[in-house]
Amino acid sequence: MPSPAGWREVPCIECGRFVAGIDFVERCPECLERRKQRAGRLASRAAIVATILVSAWIFWRTPNTALARWYAGIGIGATYFLVRLITKRIAMEVLP
């Protein structure tokens with residue numbers, strides 16, 4: 001919901017400071033950056049754990065051939081990237 005034309009500053013939903021250039025029910029740039037950093041740390045940790053689990057599963061389940069190693073490397077990289085991306089987006093919505 002955009003702020004009315006007469007209002008130059010609206011309060012941040014998280015810290016309560018009045019900031020120009022944001023709409024109602026939005027965070028100020030400082031709070032948004034802090035939230036992105038928290039979500040990024042959480043996403044990184046979740047992606048590392050998921051990648052370790054997938055790596056262990058691939059190590060024990062795939063045959064020892066060159067083609068299987070290539071597919072395993074691609075799968076491990078894709079696991080890290082996708083888990084990090086999905087977890088960060090979910091964390092941005094869910095974190096307090």
# chains A, B, ... in the order shown; residues from 1 in each chain; ligands from 1
$ residues_around --residues "stretch 40-57 of chain A" --least-positions-apart "5" --cutoff "9 Å" --atoms "only C-alpha atoms" --output "short mmCIF file (atom, residue, chain, number, x, y, z; two decimals) with N, CA and C atoms, in the first residue's frame"
data_model
loop_
_atom_site.label_atom_id
_atom_site.label_comp_id
_atom_site.auth_asym_id
_atom_site.auth_seq_id
_atom_site.Cartn_x
_atom_site.Cartn_y
_atom_site.Cartn_z
N ARG A 35 18.22 -8.65 7.69
CA ARG A 35 17.41 -9.84 7.44
C ARG A 35 18.00 -10.69 6.32
N THR A 62 26.57 -44.92 -6.11
CA THR A 62 26.85 -44.90 -7.55
C THR A 62 28.03 -45.81 -7.89
N ALA A 72 27.74 -37.14 -10.68
CA ALA A 72 27.78 -36.88 -9.24
C ALA A 72 28.25 -35.46 -8.96
N GLY A 73 29.27 -35.01 -9.66
CA GLY A 73 29.77 -33.64 -9.46
C GLY A 73 28.73 -32.60 -9.83
N GLY A 75 25.48 -33.10 -9.86
CA GLY A 75 24.40 -33.21 -8.88
C GLY A 75 24.74 -32.56 -7.55
N ILE A 76 25.98 -32.70 -7.12
CA ILE A 76 26.40 -32.09 -5.85
C ILE A 76 26.38 -30.57 -5.96
N GLY A 77 26.90 -30.04 -7.07
CA GLY A 77 26.88 -28.59 -7.27
C GLY A 77 25.47 -28.04 -7.36
N THR A 79 22.81 -29.40 -6.07
CA THR A 79 22.18 -29.51 -4.76
C THR A 79 22.52 -28.29 -3.91
N TYR A 80 23.79 -27.92 -3.86
CA TYR A 80 24.19 -26.76 -3.05
C TYR A 80 23.48 -25.51 -3.53
N PHE A 81 23.51 -25.27 -4.84
CA PHE A 81 22.91 -24.05 -5.40
C PHE A 81 21.41 -23.99 -5.14
N LEU A 82 20.70 -25.07 -5.42
CA LEU A 82 19.24 -25.06 -5.29
C LEU A 82 18.79 -24.99 -3.83
N VAL A 83 19.46 -25.73 -2.95
CA VAL A 83 19.07 -25.69 -1.54
C VAL A 83 19.33 -24.31 -0.97
N ARG A 84 20.45 -23.70 -1.34
CA ARG A 84 20.75 -22.35 -0.84
C ARG A 84 19.71 -21.34 -1.34
N LEU A 85 19.37 -21.41 -2.60
CA LEU A 85 18.41 -20.48 -3.18
C LEU A 85 17.03 -20.63 -2.54
N ILE A 86 16.55 -21.85 -2.44
CA ILE A 86 15.22 -22.10 -1.90
C ILE A 86 15.16 -21.75 -0.41
N THR A 87 16.19 -22.14 0.34
CA THR A 87 16.19 -21.86 1.77
C THR A 87 16.26 -20.36 2.04
N LYS A 88 17.01 -19.63 1.24
CA LYS A 88 17.11 -18.18 1.46
C LYS A 88 15.76 -17.50 1.21
N ARG A 89 15.07 -17.91 0.18
CA ARG A 89 13.77 -17.31 -0.10
C ARG A 89 12.75 -17.64 0.99
N ALA A 91 13.48 -18.40 4.11
CA ALA A 91 13.92 -17.70 5.32
C ALA A 91 13.55 -16.22 5.27
N MET A 92 13.62 -15.60 4.12
CA MET A 92 13.24 -14.18 4.01
C MET A 92 11.77 -13.99 4.35
#
$ select_by_dssp --residues "chain A" --states "strand (DSSP E or B)" --output "number ranges by chain"
A: 9-11, 18-20
$ atom_distance --atom1 "atom CA of A:Leu32" --atom2 "atom CA of A:Ala78"
27.5 Å
$ select_by_dssp --residues "chain A" --states "alpha helix (DSSP H)" --output "PyMOL selection string"
chain A and resi 29-61+66-94
$ atom_distance --atom1 "atom CA of A:Ile22" --atom2 "atom CA of A:Val10"
6.8 Å
$ residues_around --residues "stretch 11-20 of chain A" --least-positions-apart "5" --cutoff "10 Å" --atoms "only C-alpha atoms" --output "list of chain:residue names"
A:Val25, A:Glu26, A:Arg27, A:Cys28, A:Pro29, A:Glu30, A:Cys31, A:Leu32, A:Pro96
$ write_last_selection --atoms "N, CA and C atoms" --output "mmCIF file, in the first residue's frame"
data_model
loop_
_atom_site.group_PDB
_atom_site.id
_atom_site.type_symbol
_atom_site.label_atom_id
_atom_site.label_comp_id
_atom_site.auth_asym_id
_atom_site.auth_seq_id
_atom_site.Cartn_x
_atom_site.Cartn_y
_atom_site.Cartn_z
ATOM 1 N N VAL A 25 4.171 -1.137 6.006
ATOM 2 C CA VAL A 25 4.436 -2.563 6.201
ATOM 3 C C VAL A 25 5.662 -3.007 5.393
ATOM 4 N N GLU A 26 6.670 -2.163 5.352
ATOM 5 C CA GLU A 26 7.951 -2.499 4.739
ATOM 6 C C GLU A 26 9.052 -2.232 5.741
ATOM 7 N N ARG A 27 10.199 -2.818 5.484
ATOM 8 C CA ARG A 27 11.356 -2.613 6.348
ATOM 9 C C ARG A 27 12.262 -1.533 5.775
ATOM 10 N N CYS A 28 12.965 -0.853 6.685
ATOM 11 C CA CYS A 28 13.936 0.146 6.240
ATOM 12 C C CYS A 28 15.131 -0.593 5.624
ATOM 13 N N PRO A 29 15.976 0.094 4.865
ATOM 14 C CA PRO A 29 17.107 -0.583 4.215
ATOM 15 C C PRO A 29 18.044 -1.291 5.197
ATOM 16 N N GLU A 30 18.261 -0.733 6.389
ATOM 17 C CA GLU A 30 19.139 -1.376 7.370
ATOM 18 C C GLU A 30 18.542 -2.687 7.875
ATOM 19 N N CYS A 31 17.254 -2.666 8.202
ATOM 20 C CA CYS A 31 16.590 -3.886 8.681
ATOM 21 C C CYS A 31 16.525 -4.940 7.572
ATOM 22 N N LEU A 32 16.290 -4.511 6.351
ATOM 23 C CA LEU A 32 16.234 -5.436 5.231
ATOM 24 C C LEU A 32 17.596 -6.087 4.990
ATOM 25 N N PRO A 96 11.646 -13.995 11.820
ATOM 26 C CA PRO A 96 11.006 -12.848 12.502
ATOM 27 C C PRO A 96 11.764 -11.552 12.277
#
$ atom_distance --atom1 "atom CA of A:Phe24" --atom2 "atom CA of A:Glu93"
16.9 Å
